[in-house]
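Visitor: File protein.cif below, mmCIF, C-alpha atoms and all ligand atoms:
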```
data_protein
loop_
_atom_site.label_atom_id
_atom_site.label_comp_id
_atom_site.auth_asym_id
_atom_site.auth_seq_id
_atom_site.Cartn_x
_atom_site.Cartn_y
_atom_site.Cartn_z
CA MET A 1 16.81 42.10 -12.34
CA SER A 2 15.34 40.48 -15.41
CA THR A 3 17.60 39.80 -18.33
CA VAL A 4 16.83 40.32 -22.01
CA ARG A 5 16.26 36.59 -22.17
CA ASP A 6 13.67 36.69 -19.35
CA ILE A 7 11.81 39.46 -21.15
CA PHE A 8 11.94 37.40 -24.35
CA ARG A 9 10.44 34.37 -22.53
CA GLU A 10 7.86 36.42 -20.65
CA ALA A 11 6.71 37.90 -23.95
CA GLY A 12 5.89 34.34 -25.02
CA PHE A 13 8.89 33.61 -27.22
CA GLY A 14 11.39 30.77 -27.02
CA LYS A 15 8.84 28.08 -26.18
CA VAL A 16 7.90 26.02 -29.21
CA ALA A 17 10.27 26.30 -32.15
CA PRO A 18 12.31 28.92 -34.04
CA TRP A 19 9.73 29.19 -36.82
CA VAL A 20 6.93 29.98 -34.30
CA ASP A 21 9.01 32.83 -32.86
CA LEU A 22 9.75 34.20 -36.30
CA VAL A 23 6.05 34.19 -37.22
CA ASN A 24 5.14 35.86 -33.90
CA SER A 25 7.89 38.46 -34.33
CA GLY A 26 5.28 40.41 -36.25
CA GLU A 27 3.06 40.90 -33.23
CA TRP A 28 -0.44 42.36 -33.10
CA ASN A 29 -1.40 43.26 -29.55
CA GLY A 30 -5.12 42.60 -30.01
CA PHE A 31 -5.97 46.30 -30.19
CA GLY A 32 -4.73 46.97 -33.68
CA GLN A 33 -1.19 47.91 -32.63
CA PHE A 34 1.64 46.21 -34.50
CA THR A 35 5.19 45.60 -33.25
CA ASP A 36 7.85 44.30 -35.59
CA HIS A 37 10.42 42.60 -33.35
CA LEU A 38 12.70 42.03 -36.33
CA ALA A 39 13.44 45.75 -36.15
CA ASN A 40 14.78 45.25 -32.62
CA PRO A 41 18.43 44.08 -32.62
CA HIS A 42 18.09 42.87 -28.98
CA TRP A 43 15.12 40.68 -29.87
CA LEU A 44 16.93 39.28 -32.88
CA ALA A 45 20.12 38.55 -30.92
CA THR A 46 18.16 36.84 -28.14
CA PHE A 47 16.21 34.82 -30.69
CA LEU A 48 19.38 33.54 -32.38
CA LYS A 49 21.05 32.80 -29.06
CA HIS A 50 18.04 31.06 -27.54
CA TRP A 51 17.70 28.63 -30.45
CA GLU A 52 21.46 28.26 -30.85
CA LEU A 53 21.36 29.47 -34.41
CA TYR A 54 25.11 29.70 -34.30
CA PRO A 55 27.56 30.82 -35.34
CA PHE A 56 26.18 34.32 -35.23
CA PRO A 57 26.00 35.56 -38.81
CA SER A 58 27.18 38.94 -40.01
CA LYS A 59 25.61 42.09 -38.65
CA ASP A 60 23.98 42.96 -41.97
CA VAL A 61 20.54 41.65 -41.15
CA PRO A 62 18.60 40.67 -44.27
CA ARG A 63 15.33 42.14 -42.99
CA ARG A 64 13.41 41.65 -46.24
CA LYS A 65 14.43 37.99 -46.50
CA LEU A 66 13.43 37.37 -42.89
CA GLU A 67 10.11 39.11 -43.47
CA GLN A 68 9.51 37.00 -46.58
CA LEU A 69 10.20 33.83 -44.64
CA ARG A 70 7.93 35.05 -41.83
CA ASN A 71 5.09 35.66 -44.32
CA LEU A 72 5.63 32.29 -45.94
CA LEU A 73 5.57 30.45 -42.60
CA ARG A 74 2.48 32.32 -41.39
CA ARG A 75 0.68 31.57 -44.64
CA ALA A 76 1.58 27.88 -44.34
CA ALA A 77 0.62 27.72 -40.63
CA GLU A 78 -2.73 29.43 -41.20
CA LYS A 79 -3.56 27.08 -44.06
CA LEU A 80 -2.66 24.05 -41.94
CA THR A 81 -4.55 25.18 -38.85
CA ALA A 82 -7.60 25.99 -40.97
CA GLY A 83 -7.69 22.28 -41.70
CA GLY A 84 -6.05 22.43 -45.06
CA SER A 85 -2.65 21.51 -46.30
CA ILE A 86 0.14 23.80 -47.44
CA GLY A 87 0.01 24.55 -51.11
CA ARG A 88 2.45 23.50 -53.80
CA SER A 89 3.88 27.02 -53.99
CA GLU A 90 4.51 27.14 -50.22
CA LEU A 91 6.18 23.74 -50.33
CA SER A 92 8.43 24.74 -53.18
CA ALA A 93 9.28 28.07 -51.49
CA LEU A 94 10.15 26.20 -48.28
CA ASN A 95 12.33 23.77 -50.18
CA GLN A 96 14.15 26.68 -51.76
CA VAL A 97 14.95 28.06 -48.29
CA LEU A 98 16.09 24.58 -47.17
CA ASN A 99 18.39 24.16 -50.14
CA VAL A 100 21.66 25.10 -48.43
CA PRO A 101 24.90 23.13 -48.74
CA ALA A 102 25.92 21.34 -45.55
CA TRP A 103 27.74 18.19 -44.51
CA GLN A 104 27.35 15.59 -41.77
CA LYS A 105 29.97 15.31 -39.10
CA LEU A 106 30.36 12.66 -36.46
CA VAL A 107 31.34 14.17 -33.10
CA GLN A 108 32.43 12.36 -29.96
CA ASP A 109 32.24 13.83 -26.47
CA GLN A 110 31.67 12.61 -22.89
CA ASN A 111 28.06 11.66 -23.77
CA GLY A 112 29.10 9.52 -26.71
CA PHE A 113 28.64 10.13 -30.40
CA ARG A 114 26.33 12.48 -32.14
CA ALA A 115 25.80 13.51 -35.75
CA GLU A 116 26.00 17.20 -36.54
CA THR A 117 25.02 19.03 -39.67
CA ILE A 118 27.60 21.66 -40.48
CA PRO A 119 26.89 24.38 -43.01
CA VAL A 120 29.38 25.05 -45.78
CA ARG A 121 28.92 28.73 -44.95
CA SER A 122 27.62 29.97 -41.59
CA ASN A 123 25.60 32.86 -42.89
CA TRP A 124 22.03 34.12 -42.78
CA THR A 125 21.01 31.69 -45.52
CA TRP A 126 21.90 28.91 -43.10
CA VAL A 127 19.85 30.57 -40.32
CA HIS A 128 16.85 30.81 -42.67
CA ALA A 129 17.25 27.13 -43.53
CA ARG A 130 17.37 26.16 -39.83
CA ILE A 131 14.19 28.14 -39.12
CA ALA A 132 12.41 26.56 -42.09
CA ALA A 133 13.70 23.14 -41.01
CA SER A 134 12.11 23.57 -37.55
CA PHE A 135 8.77 23.96 -39.34
CA GLY A 136 9.47 20.97 -41.57
CA GLU A 137 10.32 18.80 -38.57
CA MET A 138 7.03 19.65 -36.83
CA LEU A 139 5.18 18.83 -40.04
CA ALA A 140 6.98 15.53 -40.48
CA ASN A 141 6.44 14.55 -36.82
CA GLN A 142 2.73 15.47 -36.89
CA GLU A 143 3.44 17.95 -34.11
CA ILE A 144 1.89 20.62 -36.27
CA GLU A 145 -1.54 19.38 -35.14
CA ARG A 146 -0.93 21.05 -31.79
CA ILE A 147 -0.19 24.38 -33.44
CA LYS A 148 -3.00 26.92 -33.27
CA VAL A 149 -3.49 30.44 -34.48
CA CYS A 150 -5.28 32.58 -31.89
CA ALA A 151 -8.97 32.94 -32.78
CA ASN A 152 -8.86 36.64 -31.93
CA SER A 153 -8.57 38.17 -35.41
CA ASP A 154 -6.75 41.18 -33.92
CA CYS A 155 -4.11 38.88 -32.41
CA ARG A 156 -3.37 35.80 -34.58
CA TRP A 157 -0.57 34.71 -32.21
CA VAL A 158 0.76 31.25 -33.11
CA PHE A 159 0.97 28.88 -30.15
CA GLN A 160 1.07 25.25 -29.15
CA ASP A 161 -2.12 23.88 -27.64
CA PRO A 162 -1.19 22.09 -24.37
CA THR A 163 -4.66 20.55 -23.83
CA LYS A 164 -5.20 16.87 -24.53
CA ALA A 165 -8.39 17.43 -26.48
CA ARG A 166 -6.79 20.32 -28.39
CA THR A 167 -9.64 22.65 -27.55
CA LYS A 168 -7.70 25.83 -26.83
CA ARG A 169 -8.78 28.62 -29.17
CA TRP A 170 -7.03 31.67 -27.78
CA CYS A 171 -3.40 32.30 -27.06
CA GLU A 172 -4.40 33.65 -23.67
CA ASP A 173 -7.83 33.01 -22.17
CA ARG A 174 -7.54 35.99 -19.84
CA THR A 175 -6.95 38.50 -22.61
CA CYS A 176 -7.95 37.21 -26.05
CA GLY A 177 -10.51 34.68 -24.77
CA ASN A 178 -12.11 37.19 -22.44
CA ARG A 179 -12.38 39.77 -25.16
CA ALA A 180 -14.18 37.28 -27.38
CA ARG A 181 -16.56 36.36 -24.55
CA VAL A 182 -17.31 40.03 -23.86
CA ARG A 183 -18.00 40.58 -27.55
CA ARG A 184 -20.34 37.58 -27.69
CA ALA A 185 -22.17 38.68 -24.55
CA ARG A 186 -22.66 42.13 -26.04
CA ALA A 187 -23.98 40.67 -29.27
CA ARG A 188 -26.44 38.52 -27.28
CA LYS A 189 -27.65 41.57 -25.37
CA ARG A 190 -28.19 43.46 -28.59
CA LYS A 191 -30.28 40.60 -29.97
CA ALA A 192 -32.36 40.24 -26.81
ZN ZN A 201 -4.47 35.99 -28.88
#
```
Could you quickly redo this structure as structure tokens?
Ligand SMILES: [Zn+2]
Guide:
Amino acid sequence: MSTVRDIFREAGFGKVAPWVDLVNSGEWNGFGQFTDHLANPHWLATFLKHWELYPFPSKDVPRRKLEQLRNLLRRAAEKLTAGGSIGRSELSALNQVLNVPAWQKLVQDQNGFRAETIPVRSNWTWVHARIAASFGEMLANQEIERIKVCANSDCRWVFQDPTKARTKRWCEDRTCGNRARVRRARARKRKA
């Protein structure tokens, strides 16, 4: 029997970073059908658990705030993958989300010491900051160069390109890539 977590992984979530999952939570299936996973409490719970965005905040889910952050991150990712840079307004909006009081704590366990960042308040604002921080870390580590937005305009799934030459254009060659090839072949036939 597959668990909620298996379904989450099979659907392509939980692979790259929290911010990628949030952006993809507004999912276009390639045929013009839209699913908003933020409306699904199971998806949201699995998302928070998978990325250890603990402690679990209150049950009052700030849908609008999450949607705003999702739009902001998609806008930033699309600008970056189109070869540009994120704009001043996106940077300042991201910094606003990141501006959450926290302190550093030194923890010792059987593996030695580690530094932990502890929020002053474990609430949704902290979760938003963690999601935004996962984007910031990829930017700072130049990992963002591997991030692609599917070339199928009906899909726009955000994914990490595993190829060395970074040549992957579609989230899934069998579905999105094939559809593009079929379209091109048809266009060629029409021209001939
Ligand atoms: Zn796609």
Visitor: Output as a tab-separated table one row per residue of chain A within 6 Å of ligand ZN 201 (chain A): the closest atom pair and its distance in Å to one decimal place, counting only C-alpha atoms and all ligand atoms, sorted by chain and residue number ascending.
Guide:
```
residue	atom	partner	partner_atom	distance
A:Cys150	CA	A:ZN201	ZN	4.6
A:Asn152	CA	A:ZN201	ZN	5.4
A:Cys155	CA	A:ZN201	ZN	4.6
A:Arg156	CA	A:ZN201	ZN	5.8
A:Trp157	CA	A:ZN201	ZN	5.3
A:Trp170	CA	A:ZN201	ZN	5.1
A:Cys171	CA	A:ZN201	ZN	4.3
A:Glu172	CA	A:ZN201	ZN	5.7
A:Cys176	CA	A:ZN201	ZN	4.6
```
Visitor: Give me the residues within 12 Å of Ala45 in chain A as a ChimeraX atom specification, counting all atoms listed in the file and dropping any in the same chain fewer than 2 places off.
Guide: /A:4-5,8,37-43,47-59,61
Visitor: Compile the contact shell of range 123-136 of chain A as a list in words: residues with an atom at most 7 Å away, counting all atoms listed in the file, same-chain residues fewer than 3 positions apart removed.
Guide: Ala17, Pro18, Trp19, Leu53, Pro57, Ser58, Leu94, Val97, Leu98, Val100, Pro119, Leu139 and Ala140 of chain A
Visitor: Can you write just those residues out, C-alpha atoms, as a PDB file, in the coordinates of the input?
Guide:
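The new file result06.pdb reads:
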```
ATOM      1  CA  ALA A  17      10.270  26.300 -32.150  1.00  0.00           C
ATOM      2  CA  PRO A  18      12.310  28.920 -34.040  1.00  0.00           C
ATOM      3  CA  TRP A  19       9.730  29.190 -36.820  1.00  0.00           C
ATOM      4  CA  LEU A  53      21.360  29.470 -34.410  1.00  0.00           C
ATOM      5  CA  PRO A  57      26.000  35.560 -38.810  1.00  0.00           C
ATOM      6  CA  SER A  58      27.180  38.940 -40.010  1.00  0.00           C
ATOM      7  CA  LEU A  94      10.150  26.200 -48.280  1.00  0.00           C
ATOM      8  CA  VAL A  97      14.950  28.060 -48.290  1.00  0.00           C
ATOM      9  CA  LEU A  98      16.090  24.580 -47.170  1.00  0.00           C
ATOM     10  CA  VAL A 100      21.660  25.100 -48.430  1.00  0.00           C
ATOM     11  CA  PRO A 119      26.890  24.380 -43.010  1.00  0.00           C
ATOM     12  CA  LEU A 139       5.180  18.830 -40.040  1.00  0.00           C
ATOM     13  CA  ALA A 140       6.980  15.530 -40.480  1.00  0.00           C
TER      14      ALA A 140
END
```
Visitor: Which is closer to Trp28 in chain A than all the others in A:Val107, A:Leu69, A:Ala77, A:Val158, using all atoms listed in the file?
Guide: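 Nearest to Trp28 in chain A: A:Val158.
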Visitor: Nearest to Leu22 in chain A among A:Thr46, A:Thr163, A:Arg70, A:Thr35, with distances taken over all atoms listed in the file: which residue is it?
Guide: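 Of A:Thr46, A:Thr163, A:Arg70, A:Thr35, the one nearest Leu22 in chain A, counting all atoms listed in the file, is A:Arg70.
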Visitor: Report, in Å with one decimal, the straight-line distance from CA of Gln68 in chain A to CA of Asp36 in chain A.
Guide: 13.3 Å
Visitor: Interatomic distance between CA of Arg181 in chain A and CA of Glu143 in chain A?
Guide: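 Between CA of Arg181 in chain A and CA of Glu143 in chain A the gap is 28.8 Å.
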Visitor: At what distance in Å, to one decimal, does CA of Thr167 in chain A lie from CA of Arg188 in chain A?
Guide: 23.1 Å
Visitor: With distances taken over only C-alpha atoms, which residue among A:Glu116, A:Glu90, A:Leu72, A:Val20 lies nearest Met138 in chain A?
Guide: A:Val20
Visitor: What lies within 10 Å of range 79-83 of chain A using all atoms listed in the file, ignoring chain neighbours under 5 positions off, as a count of residues only?
Guide: 10
Visitor: Select, from A:Ile118, A:Gln142, A:Phe159, A:Phe34, the residue with the minimum atom-to-atom distance to Gly12 in chain A, counting all atoms listed in the file.
Guide: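 For Gly12 in chain A, the nearest of the given residues is A:Phe159.
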